[in-house]
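Working notes, beginning with the structure itself.
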Amino acid sequence: MLQQTRMETVLPYFERFHARFPNVQALAEASEQEVLRLWSGLGYYRRARMLHAAARQVVEQFDGELPQSAAAWRRLPGVGEYTSAAVASQAFGERVAVVDGNVKRVAARYLGLALAADQPALHRQAAEWGAELMRDLPQARGGSRPAGDLNQALMFLGASRCKPRQPDCASCPIQAGCKAAASGQPEAWPLPAKKKAMKDLHLLFLVAGENRSWWLQARQEGWNPGLFEPPSLPDGDPTALRKFCRQHRVESAYQEIGEVRHTITHHRIRARVLKFGSWDSSSGLDPAAVPLSALGKKVLALAGYRS
DNA sequence: CAGCCGTGGTC
DNA sequence: TGACCAAGGCT
């Protein structure tokens with residue numbers, strides 16, 4: 001859950017998720033839809049599907065025993081260099097360095113690397129720096145976890161002092177050897193990344209339903225795969241709308257009830273919402289019982305759905 | 001390697 | 001308002 005997502009955002013999701021799936025067996029036995037439902041709103045839904053797949057793999061292939069090393073964790077779906085190092089350093093005391101956004105920023109400043117945050121070269125050099133710090137660590141004893149502590153310390157330093165903007169060098173414990181602090185312009189590191197262009201997308205949502213029964217479809221591809229939303233199609237094509245209504249046996253009498261704006265990664269979505277009065281309500285779904293995307297929630301809220 | 005995937009907070 | 005960014009990983 002913490003991949004690309006802040007602790008404060010994750011916490012309430014984690015609490016609910018962990019209450020429902022207290023162990024790997026419970027997660028493995030759940031349906032993917034149930035897993036997505038408890039994840040819905042957190043974003044990056046592929047993480048949920050991969051976590052679910054990993055749980056099933058652990059139960060089916062390893063008899064429910066969790067991997068005991070970074071290398072073994074790394075083989076699970078959804079577990080990359082960062083996550084395997086985070087788990088193994090905290091749980092097993094393994095001397096593997098984490099490289100996240102914080103560590104990369106701290107490394108760029110401390111070492112004075114003229115690289116942008118999204119450059120693989122920065123990731124590589126931050127990893128080398130981390131490995132070097134790991135080698136100089138004292139041996140673990142008496143239950144101490146120097147490797148895990150170092151990893152958390154670097155990430156916390158990045159989040160609390162060595163922030164992207166207005167870093168607090170005065171309170172930084174490693175200011176003495178820091179190139180960026182010495183320059184007087186610590187904010188100049190890392191270099192500005194090339195900005196990615198946003199694309200505008202115009203959609204049309206078709207909403208029908210009331211109370212506990214609404215017209216919802218599971219998305220198959222593109223964004224939010226596996227999540228439910230009211231059906232949508234590209235805006236600006238009346239023929240497509242008529243065809244869609246005919247296919248789904250919905251009378252094309254509707255009311256335009258408003259507009260919803262939403263951003264998904266590099267897409268800026270502007271969606272008009274049409275509400276239909278008559279539809280085949282026998283196929284209605286309860287929005288509370290299926291995984292909804294944030295976009296789907298916005299559309300339903302506009303249409304009068306109260307969760 | 002480059003592109004892709006969500007959402008919410010901050011300034 | 002918009003740009004940036006966050007405890008990344010997969011294709």
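Numbering starts fresh at 1 for the residues of each chain in the structure tokens, the chains themselves are lettered A, B, ... in the order given, and ligands are numbered from 1 as they appear.
Every residue of chain B that lies within 6 Å of chain A is listed here, counting only C-alpha atoms (C1' of nucleotides): DC5, DG6 and DT7 of chain B.
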- Item | Near-stretch 62-72 of chain A list (6 Å; only C-alpha atoms (C1' of nucleotides); drop same-chain fewer than 2 positions) as a PyMOL selection string | chain A and resi 58-60+74-75+84-85+88
- Message: Ranking A:Leu227, A:Cys169, A:Ala153, A:Met134 by minimum distance to chain C and counting only C-alpha atoms (C1' of nucleotides), which one comes first?
- Response: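 Under the stated criterion, the closest residue is A:Ala153.
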Hey, list the chain A side of the contact with chain C: 9 Å cut-off, only C-alpha atoms (C1' of nucleotides), answer as a PDB file with C-alpha atoms, in the first residue's frame.
ATOM      1  CA  MET A   1       0.000   0.000   0.000  1.00  0.00           C
ATOM      2  CA  LEU A   2       2.876   2.334   0.726  1.00  0.00           C
ATOM      3  CA  GLN A   3       4.211   2.097  -2.829  1.00  0.00           C
ATOM      4  CA  GLN A   4       3.928   5.693  -4.089  1.00  0.00           C
ATOM      5  CA  THR A   5       1.413   6.485  -1.373  1.00  0.00           C
ATOM      6  CA  ARG A   6       1.796   8.423   1.866  1.00  0.00           C
ATOM      7  CA  MET A   7       1.545   6.861   5.266  1.00  0.00           C
ATOM      8  CA  ARG A  47      -1.013  -3.362  -6.560  1.00  0.00           C
ATOM      9  CA  PRO A  77       4.349 -10.365  -7.902  1.00  0.00           C
ATOM     10  CA  GLY A  78       4.225  -6.699  -6.922  1.00  0.00           C
ATOM     11  CA  VAL A  79       7.400  -6.949  -4.855  1.00  0.00           C
ATOM     12  CA  GLY A  80      10.298  -5.107  -6.454  1.00  0.00           C
ATOM     13  CA  GLU A  81      13.686  -3.887  -5.280  1.00  0.00           C
ATOM     14  CA  TYR A  82      12.241  -1.387  -2.847  1.00  0.00           C
ATOM     15  CA  THR A  83       9.665  -3.594  -1.146  1.00  0.00           C
ATOM     16  CA  ALA A  86      12.177  -2.807   3.086  1.00  0.00           C
ATOM     17  CA  ASP A 100      12.679   5.294  -2.620  1.00  0.00           C
ATOM     18  CA  GLY A 101      11.898   8.868  -3.593  1.00  0.00           C
ATOM     19  CA  ASN A 102      13.193  10.150  -0.266  1.00  0.00           C
ATOM     20  CA  GLN A 152      13.908   4.102   7.992  1.00  0.00           C
ATOM     21  CA  MET A 155      13.453   7.796   4.444  1.00  0.00           C
ATOM     22  CA  PRO A 164      11.461  18.527  -1.801  1.00  0.00           C
ATOM     23  CA  LYS A 195       7.511  17.355 -17.266  1.00  0.00           C
TER      24      LYS A 195
END
- Task: Quick one: pull the distance between atom CA of A:Ser183 and atom CA of A:Arg135, Å, one decimal.
- Result: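 Distance between the two atoms: 28.4 Å.
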